[in-house]
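Since the structure comes first, as structure tokens, the remarks are kept for the end.
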There are 4 protein chains.
Amino acid sequence: MIVAMQDTATEQQIQQVVEHLIRMGFSVHRTTGERQTVLAAVGARVDFDTRNLEVLSGVEHVHRISAPYKLAGRSFRPEGTIIEFSNGVQIGGDQVVVMAGPCSVESREQLFTVAEQVSKAGARVLRGGAFKPRSSPYSFQGMGLEGLKLLREVGDHFNLLVISEVMEIAQIEVMLPYIDIFQVGARNMQNFNLLRDLGKVKKPVLLKRGIAATLEELLLSAEYIMAGGNYDVILCERGIRTFETYTRNTLDVSAIPIIKKLSHLPMTSDPSHGTGLRDKVPPMARASLAAGADALLIEVHHDPDNALSDGAQSLYPEQFSKLMDELRMIAPAVGRRISART
Amino acid sequence: MIVAMQDTATEQQIQQVVEHLIRMGFSVHRTTGERQTVLAAVGARVDFDTRNLEVLSGVEHVHRISAPYKLAGRSFRPEGTIIEFSNGVQIGGDQVVVMAGPCSVESREQLFTVAEQVSKAGARVLRGGAFKPRSSPYSFQGMGLEGLKLLREVGDHFNLLVISEVMEIAQIEVMLPYIDIFQVGARNMQNFNLLRDLGKVKKPVLLKRGIAATLEELLLSAEYIMAGGNYDVILCERGIRTFETYTRNTLDVSAIPIIKKLSHLPMTSDPSHGTGLRDKVPPMARASLAAGADALLIEVHHDPDNALSDGAQSLYPEQFSKLMDELRMIAPAVGRRISART
Amino acid sequence: MIVAMQDTATEQQIQQVVEHLIRMGFSVHRTTGERQTVLAAVGARVDFDTRNLEVLSGVEHVHRISAPYKLAGRSFRPEGTIIEFSNGVQIGGDQVVVMAGPCSVESREQLFTVAEQVSKAGARVLRGGAFKPRSSPYSFQGMGLEGLKLLREVGDHFNLLVISEVMEIAQIEVMLPYIDIFQVGARNMQNFNLLRDLGKVKKPVLLKRGIAATLEELLLSAEYIMAGGNYDVILCERGIRTFETYTRNTLDVSAIPIIKKLSHLPMTSDPSHGTGLRDKVPPMARASLAAGADALLIEVHHDPDNALSDGAQSLYPEQFSKLMDELRMIAPAVGRRISART
Amino acid sequence: MIVAMQDTATEQQIQQVVEHLIRMGFSVHRTTGERQTVLAAVGARVDFDTRNLEVLSGVEHVHRISAPYKLAGRSFRPEGTIIEFSNGVQIGGDQVVVMAGPCSVESREQLFTVAEQVSKAGARVLRGGAFKPRSSPYSFQGMGLEGLKLLREVGDHFNLLVISEVMEIAQIEVMLPYIDIFQVGARNMQNFNLLRDLGKVKKPVLLKRGIAATLEELLLSAEYIMAGGNYDVILCERGIRTFETYTRNTLDVSAIPIIKKLSHLPMTSDPSHGTGLRDKVPPMARASLAAGADALLIEVHHDPDNALSDGAQSLYPEQFSKLMDELRMIAPAVGRRISART
């Protein structure tokens, strides 16, 4: 940690800062330059709050040198993390995996119909919400346990892995037998109790970036899960809040190459939530792949006009199938491949 | 709801949109202008997702006319809501209430010391965290139930009301006997399950704005609580995320007069979290009062350098006392008053 | 324009708004609903300031229905605009055009070296700054007229078109004989005097989005140029300011498909300025192409470590050449093609 | 400047960075820690682009220690800058100065009417635009030179100083005889050629923050003017662009105490442009004063409904007069005073 003193700082102020640092367990190296004194403090706890120094008199500013995450950092596994599943699917390897399905599981018929179509088009993971956050008390609340059972049954039928969102700690145990990947939504990215408990689970966690979260904060949340022992974390960009109002959120495509540099964890993209509008999903899915995404989450519904949630951002099956063909053409340009149609 | 068609929209496209609206339960008025056709749709459900229309072909854009909240809107109670407490304190009335205390309850001694000081300076509500969100697994986790008991005991001793943060549904029952106001933090502003359950409680709820939440979204979250029957909701600005990095968040002072116009609910400000830096708290507390805030939340600690959390944003007791004097001078300029020193 | 009255609005307030609208030259249609009165005002001037209505008593909010631009709107030329140049290059057609070159023209040798390399790799337009905005009074100020002459000479030598930035009105005449496309930088996107004068010029203008500009504002600025008679406007995304600080700006890739829907004008992307970091340029260039960009602006320098400006975001020639090969692989996936190596 | 190397950096990479730094004129101190190597580079030019180091292999990140401004920094004049005018008005001293008047100078009668009213209420500076940026080619363009003459005449008549916006270099000479303070608008905050020329002028410059400018960038622009020899720079917060859409911009009140700490320059606030809505101007003017502003810019019009520009954000004279009374009550709370009614 570097503490730059104001050029008007008195010797007494400098000494107070040095003593404060030593009291906090740092060792301190002092450099007095032409204009100002700079203190380098070594040995801090990862969770030290630098503001405690910023408010001391004579301090100009404080800068943390080490990234506040370690397990999630690239240097922890320079070769990159590949997550392997029992059916041979790998996330983080040569293959770019497409996870597709409806926003919510609505019925057996719906799920079978959609799953068959996305499977044929080359998806390898079936997505679908069983527990739905309710932005209105009058909206559809999700099928719950029954939805999970359907996901498992339909996934097995089409040899698809299954991903679904976990919204609170109590749901972890309930979901465990039915799903292959836990999804943590943007609103829960900093629900640290939930992250802590997912750190003890033996299944991969796909962690979505909050709409106001920096990439450093996303990696800190991943660190939280990994600190519990679960290293199979998959990160996901799904749009940030900006001043532009045409789309609900702005899909930050540049997050993909940035995370790939900063971290060894697989990085994915959700263009459906990231744009919120069906006709923007294919271009942003293609862009995400071209920027280096390891997997894509795409909402597909056989009858989006009558979907119980988020129909406006769900692709029609034929749109999805066309998109998959385009993705197959792009993949080799980034040294990747995508499952063939079946 | 207004649906503006593109000026190139065909008659067939217009008919499809009309039929879609009717199928969704709207009645439709059509106006054909010089340049374009506009459809006015009446009778929508509050939770209708306008994107379902935006993706139809020929649609230029869709605009919702009614505010999506009703109970939280100003016209529901044009005279404004005043929340009364048993000890005579009112929030939303002539008096501007100051809620002060440490970030976390740390010990009996700490709480007594701070409570005495803030009480003498004129605070009427004691704040203090018993359950702490843990951004690091190694940080202080809060005193839990013991902290709640201390808050009640110390609050009663100094005739202060007590406010503390509720972080999950299971804590509601635990906290109920000990606190006077439930505080919902910024990260939980859209934790709809928690809001729903707080709607059934018979104690006021102070709801903080999320760092990426629009004011409309804040009012929708208040609506969620009120829909459950609990109309005693207090809103709170505590900083939004912007491109400026000098402070952690940017306290949006203009949210205060805007909310006072849009809603009848009391509107408050938390300059401690809104700036994160001690020396910025007094100016932003004064600014919030001058802009019309009904109450202020201010962190105070008798020994901030050794506080277990957020010491950098806690005022020293003498700073708080001086700030209270300044606030007392400002209050008459906005037709308000603040409790005298005791 | 739609004026929604508050549900508590009195008949007198409604009449005042109606009279105000008529005085401003609108014709007014009134609809009285169950909850509120809504006024539809027809015939407004494009530049009417809706806030003049928002501040009237009894008004809930005001919503403009027509887009505030006409010439730049998709329906003005539903088939899309293709800009043709004398050497056969087209922007907006099947071919995706790559504009490449150094940030600043530094010397004859530098420009020949870079131009030869980008030309061989398949670029069709040579970019280079002759007038440089000076963020520091001590920095390199550009070669001025001499730089323009070099651009023309080198462009002609390699059969490349030439683009360079115009920074003030006085430069238009100076640049006209030497360049094929005027570039307007992000900081000048709302320099309306400059836009007005570029509207009278007979050469295409590439207009970059300001870092805090909405897409509607970008189209309004394009409208400004077109209103002067110059319809050959090319739009360009180059990054917006968000809370994320890892990159200087966040390249808003979704702006590409959005603009392609709202407007008939060619839409391009500048991943060099949009990321500011060399290693992020190739992924974001690929992403922009995959999202539908009509052209790409890419900074290339044969010796970026010693570039006089923006070396950190300039590709090495071999990186550029590799990127062009990747782009050639991606183009067919979006029904486009890119010039072959020469 | 601090260069933190990746913990995986090789000795060769470290040596390359050291050599690069030395070549750039730095002297380098190397510290090898448990986890990583950190290089401290001393002696950089103020305008060194740190990205040139960030792109070198093995570099984790680069952090500039010295603020990139010197003349504008607090330590240059710890006691603060007070700008004195011939008529005894001081900006930056005990007195908080209110600058008021119409958005545009429209006519002799208008200016006399408004000036008389704001003068009586206690304003000491008359504001009014003579050159207007034209967001629409059909809008009012300002009275130009005639407007400047009117400002001078009316200002002298009521013993008011005069401030007006300068929009391009050519206007400086034209304005010089008529105005007391040059105003630089938000869109020109980084028009470095204009700033350079204002640095040679012998009259104060009020510099507004751009809507996407950080406070550091604002101070850098002030530095630009000061580097030319003109130290009488007044800074002004007028709203930044955020995700909140209720107001055009979000007035960042916290910028006031932050700038007062970082810089010795007077800091002011423009709540009229910062909110854009008349009824939000008084609360935000009060808030700005309470947060420590040295002056306020407020738009006032005797007939805002018929103002030729920005009528919606102009106060009625009686509103302004009431606001001045409120400000007079608040000023003592921050150790300041405001001119009495005359």
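Every chain in the structure tokens has a letter given in the order shown (A, B, ...), and although residue numbers restart at 1 in each chain, ligands are simply numbered from 1 in the order shown.
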Open item on the list: I'd like the contact shell of Ile256 of chain B - 7 Å cut-off, only C-alpha atoms, skipping same-chain residues fewer than 5 positions apart - returned as a PyMOL selection string.
Closed with: chain B and resi 267+291-293
Just the selected residues (N, CA and C atoms), exported as a PDB file, in the first residue's frame, please.
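Contents of the output file part07.pdb:
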ATOM      1  N   MET B 267     -38.619  11.521   3.443  1.00  0.00           N
ATOM      2  CA  MET B 267     -37.380  11.297   2.684  1.00  0.00           C
ATOM      3  C   MET B 267     -36.196  11.731   3.535  1.00  0.00           C
ATOM      4  N   ALA B 291     -31.853  20.963   1.576  1.00  0.00           N
ATOM      5  CA  ALA B 291     -32.627  20.519   0.410  1.00  0.00           C
ATOM      6  C   ALA B 291     -33.985  19.947   0.796  1.00  0.00           C
ATOM      7  N   GLY B 292     -34.239  19.806   2.111  1.00  0.00           N
ATOM      8  CA  GLY B 292     -35.574  19.383   2.538  1.00  0.00           C
ATOM      9  C   GLY B 292     -35.691  18.017   3.174  1.00  0.00           C
ATOM     10  N   ALA B 293     -34.584  17.418   3.584  1.00  0.00           N
ATOM     11  CA  ALA B 293     -34.653  16.079   4.185  1.00  0.00           C
ATOM     12  C   ALA B 293     -35.476  16.088   5.477  1.00  0.00           C
TER      13      ALA B 293
END
Considering only C-alpha atoms, extract the chain D residues located within 6 Å of chain B and return them as a PDB file with N, CA and C atoms, in the first residue's frame.
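Generated file (selection.pdb):
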ATOM      1  N   THR D 214     -14.428  14.192 -14.521  1.00  0.00           N
ATOM      2  CA  THR D 214     -14.080  13.969 -13.121  1.00  0.00           C
ATOM      3  C   THR D 214     -13.569  15.285 -12.530  1.00  0.00           C
ATOM      4  N   GLU D 244     -29.766   8.325 -13.586  1.00  0.00           N
ATOM      5  CA  GLU D 244     -31.072   8.841 -13.175  1.00  0.00           C
ATOM      6  C   GLU D 244     -31.587   9.793 -14.248  1.00  0.00           C
ATOM      7  N   PRO D 283     -34.197  24.397  -3.593  1.00  0.00           N
ATOM      8  CA  PRO D 283     -33.572  23.453  -2.648  1.00  0.00           C
ATOM      9  C   PRO D 283     -32.106  23.183  -2.973  1.00  0.00           C
ATOM     10  N   MET D 284     -31.764  23.122  -4.262  1.00  0.00           N
ATOM     11  CA  MET D 284     -30.379  22.807  -4.591  1.00  0.00           C
ATOM     12  C   MET D 284     -29.467  24.029  -4.428  1.00  0.00           C
ATOM     13  N   ARG D 286     -29.927  26.175  -1.916  1.00  0.00           N
ATOM     14  CA  ARG D 286     -29.705  26.127  -0.468  1.00  0.00           C
ATOM     15  C   ARG D 286     -28.685  25.048  -0.111  1.00  0.00           C
ATOM     16  N   ALA D 287     -28.836  23.872  -0.745  1.00  0.00           N
ATOM     17  CA  ALA D 287     -27.909  22.770  -0.447  1.00  0.00           C
ATOM     18  C   ALA D 287     -26.479  23.149  -0.819  1.00  0.00           C
ATOM     19  N   ALA D 290     -25.078  25.445   1.785  1.00  0.00           N
ATOM     20  CA  ALA D 290     -24.831  24.714   3.026  1.00  0.00           C
ATOM     21  C   ALA D 290     -23.614  23.804   2.906  1.00  0.00           C
ATOM     22  N   ALA D 291     -23.290  23.377   1.678  1.00  0.00           N
ATOM     23  CA  ALA D 291     -22.125  22.515   1.472  1.00  0.00           C
ATOM     24  C   ALA D 291     -20.842  23.303   1.312  1.00  0.00           C
ATOM     25  N   GLU D 326     -33.879  32.962   2.272  1.00  0.00           N
ATOM     26  CA  GLU D 326     -33.512  31.676   2.866  1.00  0.00           C
ATOM     27  C   GLU D 326     -31.987  31.527   2.926  1.00  0.00           C
ATOM     28  N   MET D 329     -30.449  33.240   5.735  1.00  0.00           N
ATOM     29  CA  MET D 329     -30.595  32.539   7.019  1.00  0.00           C
ATOM     30  C   MET D 329     -29.569  31.420   7.158  1.00  0.00           C
ATOM     31  N   ILE D 330     -29.244  30.783   6.043  1.00  0.00           N
ATOM     32  CA  ILE D 330     -28.338  29.634   6.097  1.00  0.00           C
ATOM     33  C   ILE D 330     -26.875  30.066   6.226  1.00  0.00           C
ATOM     34  N   ALA D 333     -24.574  29.680   9.278  1.00  0.00           N
ATOM     35  CA  ALA D 333     -24.280  28.311   9.713  1.00  0.00           C
ATOM     36  C   ALA D 333     -22.971  27.819   9.113  1.00  0.00           C
TER      37      ALA D 333
END
Task: Proximity to Val18 of chain D - best of D:Leu176, D:Val42, D:Ser221, D:Arg35, only C-alpha atoms - done: D:Val42
- [ ] State, in Å with one decimal place, the distance from atom CA of Arg196 of chain B to atom CA of Gln141 of chain A.
- [x] 13.0 Å
TODO: Could you give me, as an MDAnalysis selection string, the residues within 8 Å of Ser272 of chain A, counting only C-alpha atoms and dropping anything in the same chain fewer than 3 positions from it?
DONE: chainID A and resid 238 275:278 281 297:299 313:314
Task: Per-residue DSSP, segment 47-257 of chain C, filtered to alpha helix (DSSP H), as a ChimeraX atom specification - done: /C:51-54,108-121,145-157,169-175,192-198,215-227,255-257
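For the atom pair formed by atom CA of Val59 of chain B and atom CA of Gly93 of chain C, the distance is 25.9 Å, given to one decimal.
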Task: segment 192-314 of chain B: residues DSSP assigns to strand (DSSP E), reported as number ranges by chain - done: B: 205-208, 233-237, 267-269, 295-299
Limited to C-alpha atoms, could you put the picked residues into a file as a compact mmCIF listing (two decimals), in the first residue's frame?
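Final output, out_19.txt:
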# COMPACT_ATOMS: atom_id res chain seq x y z
CA VAL B 205 -39.24 0.52 7.60
CA LEU B 206 -36.44 2.81 6.44
CA LEU B 207 -35.65 1.80 2.86
CA LYS B 208 -32.32 2.85 1.36
CA VAL B 233 -42.12 3.54 4.92
CA ILE B 234 -39.27 6.05 5.19
CA LEU B 235 -37.07 6.54 2.12
CA CYS B 236 -33.34 7.24 2.24
CA GLU B 237 -30.75 8.54 -0.21
CA MET B 267 -37.38 11.30 2.68
CA THR B 268 -34.09 11.10 4.51
CA SER B 269 -30.37 11.19 3.78
CA ALA B 295 -34.30 13.04 8.84
CA LEU B 296 -30.57 12.39 8.73
CA LEU B 297 -28.59 9.24 9.51
CA ILE B 298 -25.13 9.98 10.80
CA GLU B 299 -22.45 7.62 12.02
TODO: Pick out the residues sitting within 12 Å of Asn306 of chain B, and hand them over as a ChimeraX atom specification; count only C-alpha atoms, and ignore anything fewer than 4 positions along from it in its own chain.
DONE: /A:20,23-24,49,52 /B:102,104,106,110,301-302,310-312,314,316
Open item on the list: Between atom CA of Ala222 of chain C and atom CA of Ile65 of chain C, what is the distance in Å, rounded to a tenth?
Closed with: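 Taking atom CA of Ala222 of chain C and atom CA of Ile65 of chain C, their separation equals 19.7 Å.
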Open item on the list: I'd like to know which of C:Ala9, C:Ile2, C:Leu265, C:Lys120 is closest to Thr50 of chain C, using only C-alpha atoms.
Closed with: C:Ile2
